[in-house]
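Asks: Take this structure first; my questions come after.
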Amino acid sequence: SKKFKKFSNIDGLDFKRAFTLLKIKNELFISVGNKIYSYSEQDSSFIFAYTFHEGIIKSIEEINDNHIVFGENNRNEKFIYEVNFKTNSYSIESYKFNNFPFRELEDIDYDGNRYVYFTTTEHIYKFDTKNTNYLNTKFSTLIRNVNSLDSTLSRGYYTVYASSDTIPRISTNQTKEARPSLTYDYNSIRFDYAATFLELPEKTKYSFTLDGYDKSWSDWTKETTKEYTNLSPGQYTFKVKSLNVFKEEGTTATYTFTILPPWYMTTWAYALFTLGGVLGIWFIVLAYSYRVRLQRRKLKLIVADRTFEVLSQKKEIEKQNDKLKEQFEEIQKQRDDINEKNQELEMSQEEILSINERLQELNSSLEKKVDERTSEIRVTVKKLQSTIAELDTFIYRASHDLKGPISRINGLTSLAKLEASNPNDIKYYNLIELVAKDMNKLLAKLTQVHEVINCEVEKNVIDLPVMISDVRNSIKFLDPEDSAKYSFNLETTLQVKSDPFLMAIVLTNLMENALIFRNVGKPCEISISAFQNDSEYCIIFQDNGAGIPPEHIDKVFNMFHRGSDQSKGSGLGLYLSQMAIEKLGGSIKVESEYNAYTKFTITIPK
C-alpha cells in the first residue's frame with residue numbers, strides 16, 4: 001500500500017475518476033480517462049504510454065494479439081474498437097462491430113478462450129472471435145434503373161441468347177447490343193443502383209464515376225441515385241461500386257451509352273461549314289480584287305488631275321514669287337517709315353509722361369474735393385434723417401392732438417342738434433359731424449403710417465378666417481345693408497405665420513377699397529383666396545367694382561393719391577397696405593380692368 005500511495009495522482013489526473021487495470025502482452029497497464037500508463041518494475045512507477053484520441057476508455061479485453069476497447073467519446077456516444085497496440089502507437093480495426101447496437105452497451109467480458117460477452121440493460125450478446133464466415137462475403141453492385149428524360153433505357157437486366165440455349169437467359173451485365181445511342185436531346189441521364197448485401201443496407205455506401213466525364217471516383221456516399229445533365233456528345237461508361245458495413249467492396253457495375261452529336265456538330269456539317277467558309281473567302285478575294293482594279297483606275301485619273309494641278313500651281317507660285325519680291329521691297333520701305341515713326345513715338349511718349357504727372361496732381365486734388373463733398377453729404381443725410389424723424393413725430397403728435405378737438409366738435413354738434421329746431425340747422429350739424437368723422441379717419445390713417453414705420457415685426461400664427469371675420473365687422477359701417485357677397489377659397493392646412501397687426505392693416509384697407517369703389521347698379525362681390533408653397537404665402541383679393549383707369553394704375557400705391565371722384569377716403573389706404581407688405585418682406589401687385597374688376601396679389605415669404 002505504501003508503494004501505491006505515490007501514484008494517487010498521475011499526470012494531474014485524480015484516481016477518483018474511472019480507471020481500469022489491464023494487461024497488454026503480459027505487461028501491467030492502467031487507463032485513466034483517454035490516457036494509458038504502463039507499469040515500470042525498474043522504477044516502481046507508472047509511465048505514460050498512449051493517448052487514446054477516440055475517447056475515454058471504460059474497459060479493455062485482450063484477445064490474442066489484439067484488444068477489444070470499450071469507451072465513450074466527448075459526445076457521450078459509446079464505441080467498440082478492435083485495437084492492435086504497437087510500440088509507441090496503436091491501430092484500430094472497427095469494421096467487425098459495425099453491426100452491433102453499441103449505443104446500449106454497458107460492459108464487455110472475455111472468457112479467455114473464444115467468446116466475448118457484451119451486456120446491455122436487457123440483453124447479453126455472445127461474439128465468436130473464431131467465426132469469420134460473415135466476413136469476405138461476396139456481393140454484387142447492380143444498376144437497377146437508367147432513365148433519360150421520360151424514357152427508361154434499362155431496368156437493370158438484359159437477355160442473353162446462346163446457340164445452345166432454347167430459352168434466353170437473364171444477365172445483369174450489359175451486352176454490346178444493349179448499349180444505346182442517344183440523340184443530343186437526351187443528353188441528361190439518371191442512374192439508380194443498389195447492392196445485394198442485405199445486412200444493415202442503410203449503412204451501405206457507394207462510389208461512382210463516369211468515364212469520359214469524371215476524372216476520378218467519387219467519395220463514398222449513401223445516395224443510391226446519380227444524375228448527369230448536359231453531357232457533350234461522345235461515348236460514356238458509368239461505373240458504380242458498393243461498400244458494406246464491414247468495409248468490404250462489392251463487384252463494380254457498368255453501363256455504357258453513347259450520345260450522338262446534333263446535326264451542326266456532325267462531320268458532314270463541319271464539311272459544309274468549311275466549304276461555305278472557303279467559298280466565302282473566295283468571293284471576298286474576288287470582290288477585293290475587283291475593288292483594287294477600280295481603285296487603280298481612279299488613282300490614275302487622280303494622279304493625272306493632281307499633275308495638272310501641280311503644274312498650274314507651279315506657274316501660280318512663280319507669279320506669287322514675283323509679287324512677294326515686290327512686296328518685300330515695299331515692306332523694307334515701310335520698315336524705314338516705321339523706324340521714323342517709332343522715333344516720333346518716343347518723343348511723344350516723353351510728352352505723355354509729363355502730362356500723366358500733371359493728371360496725377362489733378363487727380364489727387366479732385367480726390368480731396370470728393371472727400372470734402374462726401375463728408376458734407378453725410379452731414380446733410382444725418383440732418384435729413386433727423387428731419388424725417390421730427391416730421392414723423394410731428395405728424396403722429398399732431399394727429400393724436402387733433403383727435404381731442406374733433407371729439408369736442410362732435411360733442412358740441414350733438415348738443416347743438418338737441419337744441420336746434422330748424423331742420424336746416426340740423427342738416428348742417430350732420431354735415432359737420434360727417435366732416436369730423438372723415439377728419440378722424442384721416443388722423444387714424446396718419447397714426448397707422450407712424451406705427452407701421454416704427455413697429456417691429458413679430459411673427460405669430462394667424463387664424464386667417466377669424467381675422468377676415470373681424471375685419472368685416474370693423475368696416476360694417478361701409479355696408480350697412482350687408483349687400484356685399486363674399487367668397488373664400490382657403491387651404492384647409494394653411495397656417496400663416498406673420499405679424500397680426502400688419503396683416504390686419506392690409507386686409508382692412510383692401511376690403512375698404514372694395515366697398516368704397518363698388519360698381520353702382522351691380523351687386524358687390526368680393527373673393528379671397530389663400531394658399532402656400534415651400535417658400536411663401538400667397539393671398540389673392542379680387543372684387544367686381546369700378547376698377548382702376550389705366551392712367552392711374554401705376555399711382556394707386558402713392559400717398560394721398562385718389563383714382564376717381566368716387567373716392568371718399570384720404571388716399572392713404574393702398575399706401576399703408578404697400579408699406580405693411582414691404583415691412584413683412586413681401587410684395588403686392590394690382591391688376592384691373594376699368595368697370596370690370598380689380599385684383600390684388602400679395603406674396604409674403606415664410
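Lettering and numbering for the C-alpha cells are positional, with chains as A, B, ... in the shown order, residues counted from 1 in each chain, and ligands counted from 1 in the shown order.
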Need to verify the contact set: Val69 of chain A, 8 Å, only C-alpha atoms, exclusion of same-chain residues closer than 6 positions in sequence. Can you return it as a list in words?
Replies: Ile57, Lys58, Ser59, Ile60, Glu61, Ile80, Tyr81, Glu82 and Val83 of chain A
Asks: Sorted by chain and rising residue number, which residues of segment 231-325 of chain A lie within 12 Å of segment 144-151 of chain A, and what are their closest atom pairs and distances in Å to one decimal, counting only C-alpha atoms, as a tab-separated table?
Replies:
residue	atom	partner	partner_atom	distance
A:Leu231	CA	A:Ser148	CA	11.6
A:Phe238	CA	A:Val146	CA	10.5
A:Val240	CA	A:Arg144	CA	11.4
A:Ala253	CA	A:Arg144	CA	10.0
A:Thr254	CA	A:Arg144	CA	11.2
A:Tyr255	CA	A:Val146	CA	8.9
A:Thr256	CA	A:Val146	CA	10.9
A:Phe257	CA	A:Val146	CA	10.6
A:Ile259	CA	A:Ser148	CA	11.3
Asks: Any idea what the distance is between atom CA of Ser242 of chain A and atom CA of Asn131 of chain A?
Replies: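 Going from atom CA of Ser242 of chain A over to atom CA of Asn131 of chain A covers 23.9 Å.
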Asks: List as a ChimeraX atom specification the protein and nucleic acid residues near Cys538 of chain A, meaning an atom at most 8 Å away when only C-alpha atoms are counted, but skip any in the same chain fewer than 4 places from it.
Replies: /A:530-532,601-604
Asks: Would you write out those residues with N, CA and C atoms, as a short mmCIF file (atom, residue, chain, number, x, y, z; two decimals), in the first residue's frame?
Replies:
data_model
loop_
_atom_site.label_atom_id
_atom_site.label_comp_id
_atom_site.auth_asym_id
_atom_site.auth_seq_id
_atom_site.Cartn_x
_atom_site.Cartn_y
_atom_site.Cartn_z
N ALA A 530 -56.36 82.01 -50.61
CA ALA A 530 -55.07 81.95 -49.91
C ALA A 530 -54.51 80.54 -50.02
N PHE A 531 -53.22 80.46 -50.32
CA PHE A 531 -52.54 79.16 -50.37
C PHE A 531 -51.06 79.39 -50.06
N GLN A 532 -50.31 78.32 -49.98
CA GLN A 532 -48.89 78.41 -49.64
C GLN A 532 -48.10 77.40 -50.46
N THR A 601 -52.67 90.82 -55.65
CA THR A 601 -51.95 89.57 -55.33
C THR A 601 -50.86 89.89 -54.32
N ILE A 602 -50.93 89.26 -53.15
CA ILE A 602 -49.99 89.51 -52.06
C ILE A 602 -49.14 88.26 -51.86
N THR A 603 -47.82 88.42 -51.83
CA THR A 603 -46.91 87.30 -51.51
C THR A 603 -46.07 87.69 -50.30
N ILE A 604 -46.01 86.79 -49.31
CA ILE A 604 -45.26 87.03 -48.07
C ILE A 604 -44.31 85.86 -47.87
#
Asks: Within 7 Å of Arg518 of chain A, counting only C-alpha atoms, which residues show up once you throw out same-chain ones fewer than 4 positions away? Write them as a list of chain:residue names, please.
Replies: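 The contact residues come out as A:Ala514, A:Cys524, A:Gly545, A:Ala546.
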Asks: May I have all residues of segment 45-273 of chain A that DSSP, computed from the backbone, assigns to alpha helix (DSSP H), given as a VMD selection string?
Replies: chain A and resid 267 to 273
Asks: Using only C-alpha atoms, determine which residues lie at most 8 Å from Val116 of chain A, disregarding the query and same-chain residues fewer than 5 positions distant; provide the list as a compact mmCIF listing (two decimals) with N, CA and C atoms, in the first residue's frame.
Replies:
# COMPACT_ATOMS: atom_id res chain seq x y z
N ILE A 108 -18.26 -5.26 -21.27
CA ILE A 108 -17.81 -6.39 -22.07
C ILE A 108 -16.95 -7.31 -21.19
N ASP A 109 -16.85 -8.63 -21.59
CA ASP A 109 -16.03 -9.57 -20.83
C ASP A 109 -15.59 -10.69 -21.78
N TYR A 110 -14.36 -11.11 -21.63
CA TYR A 110 -13.79 -12.15 -22.49
C TYR A 110 -13.55 -13.40 -21.64
N ASP A 111 -13.95 -14.59 -22.20
CA ASP A 111 -13.81 -15.83 -21.41
C ASP A 111 -12.40 -16.39 -21.48
N LYS A 126 -23.24 -12.73 -27.40
CA LYS A 126 -22.02 -13.55 -27.44
C LYS A 126 -21.38 -13.38 -28.81
N PHE A 127 -20.10 -13.02 -28.77
CA PHE A 127 -19.36 -12.80 -30.01
C PHE A 127 -18.30 -13.88 -30.15
N ASP A 128 -18.34 -14.62 -31.29
CA ASP A 128 -17.40 -15.71 -31.54
C ASP A 128 -16.20 -15.13 -32.27
N THR A 129 -15.07 -15.05 -31.62
CA THR A 129 -13.88 -14.43 -32.22
C THR A 129 -13.27 -15.28 -33.32
Asks: Using only C-alpha atoms, which protein or nucleic acid residues come within 12 Å of Tyr213 of chain A? Drop anything in the same chain fewer than 2 positions from it, and give the result as a PyMOL selection string.
Replies: chain A and resi 208-211+215-217+228-239
Asks: For N, CA, C and O atoms, I'd like the residues from the last selection saved as a short mmCIF file (atom, residue, chain, number, x, y, z; two decimals), in the first residue's frame.
Replies:
data_model
loop_
_atom_site.label_atom_id
_atom_site.label_comp_id
_atom_site.auth_asym_id
_atom_site.auth_seq_id
_atom_site.Cartn_x
_atom_site.Cartn_y
_atom_site.Cartn_z
N PHE A 208 -18.93 6.17 -57.35
CA PHE A 208 -19.22 6.05 -58.78
C PHE A 208 -18.30 6.95 -59.58
O PHE A 208 -17.65 7.87 -59.03
N THR A 209 -18.27 6.70 -60.86
CA THR A 209 -17.53 7.56 -61.80
C THR A 209 -18.14 7.39 -63.18
O THR A 209 -18.75 6.35 -63.47
N LEU A 210 -17.98 8.39 -64.03
CA LEU A 210 -18.46 8.34 -65.41
C LEU A 210 -17.26 8.54 -66.32
O LEU A 210 -16.74 9.67 -66.42
N ASP A 211 -16.79 7.45 -66.90
CA ASP A 211 -15.65 7.55 -67.81
C ASP A 211 -16.02 8.44 -68.99
O ASP A 211 -17.06 8.27 -69.63
N LYS A 215 -13.15 12.74 -63.59
CA LYS A 215 -11.72 12.48 -63.60
C LYS A 215 -11.33 11.39 -62.61
O LYS A 215 -10.25 10.80 -62.73
N SER A 216 -12.13 11.15 -61.59
CA SER A 216 -11.80 10.14 -60.57
C SER A 216 -13.10 9.64 -59.94
O SER A 216 -14.19 10.14 -60.23
N TRP A 217 -12.94 8.63 -59.08
CA TRP A 217 -14.10 8.08 -58.37
C TRP A 217 -14.58 9.10 -57.34
O TRP A 217 -13.80 9.86 -56.78
N TYR A 228 -26.67 12.99 -64.34
CA TYR A 228 -25.77 13.83 -65.14
C TYR A 228 -26.61 14.61 -66.14
O TYR A 228 -27.52 14.05 -66.77
N THR A 229 -26.32 15.89 -66.30
CA THR A 229 -27.09 16.74 -67.22
C THR A 229 -26.14 17.40 -68.21
O THR A 229 -24.97 17.64 -67.91
N ASN A 230 -26.70 17.73 -69.38
CA ASN A 230 -25.99 18.49 -70.43
C ASN A 230 -24.64 17.83 -70.78
O ASN A 230 -23.59 18.48 -70.82
N LEU A 231 -24.68 16.52 -71.03
CA LEU A 231 -23.46 15.82 -71.43
C LEU A 231 -23.12 16.14 -72.88
O LEU A 231 -24.00 16.29 -73.72
N SER A 232 -21.84 16.23 -73.15
CA SER A 232 -21.39 16.50 -74.51
C SER A 232 -21.47 15.21 -75.34
O SER A 232 -21.53 14.11 -74.80
N PRO A 233 -21.48 15.32 -76.66
CA PRO A 233 -21.50 14.11 -77.49
C PRO A 233 -20.27 13.24 -77.24
O PRO A 233 -19.17 13.73 -77.02
N GLY A 234 -20.47 11.93 -77.25
CA GLY A 234 -19.37 11.00 -77.05
C GLY A 234 -19.85 9.72 -76.39
O GLY A 234 -21.04 9.55 -76.09
N GLN A 235 -18.91 8.80 -76.15
CA GLN A 235 -19.24 7.52 -75.51
C GLN A 235 -18.85 7.59 -74.03
O GLN A 235 -17.77 8.07 -73.69
N TYR A 236 -19.75 7.12 -73.15
CA TYR A 236 -19.54 7.18 -71.71
C TYR A 236 -19.78 5.79 -71.12
O TYR A 236 -20.59 5.01 -71.64
N THR A 237 -19.09 5.52 -70.01
CA THR A 237 -19.31 4.30 -69.25
C THR A 237 -19.48 4.69 -67.78
O THR A 237 -18.55 5.26 -67.18
N PHE A 238 -20.66 4.41 -67.25
CA PHE A 238 -20.94 4.69 -65.84
C PHE A 238 -20.55 3.47 -65.01
O PHE A 238 -20.95 2.34 -65.31
N LYS A 239 -19.73 3.70 -63.95
CA LYS A 239 -19.29 2.63 -63.07
C LYS A 239 -19.70 2.96 -61.65
O LYS A 239 -19.57 4.12 -61.22
#
Asks: Check the DSSP output for the backbone and give back, as a list in words, the residues of segment 353-546 of chain A in strand (DSSP E or B).
Replies: Asn460, Val461, Ile462, Lys485, Tyr486, Ser487, Phe488, Asn489, Leu490, Val496, Lys497, Ser498, Glu525, Ile526, Ser527, Ile528, Ser529, Ala530, Phe531, Gln532, Glu536, Tyr537, Cys538, Ile539, Ile540, Phe541, Gln542 and Asp543 of chain A
Asks: Find the distance between atom CA of Ser154 of chain A and atom CA of Thr224 of chain A and write it in Å to one decimal.
Replies: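 One can read the atom CA of Ser154 of chain A to atom CA of Thr224 of chain A distance as 15.9 Å.
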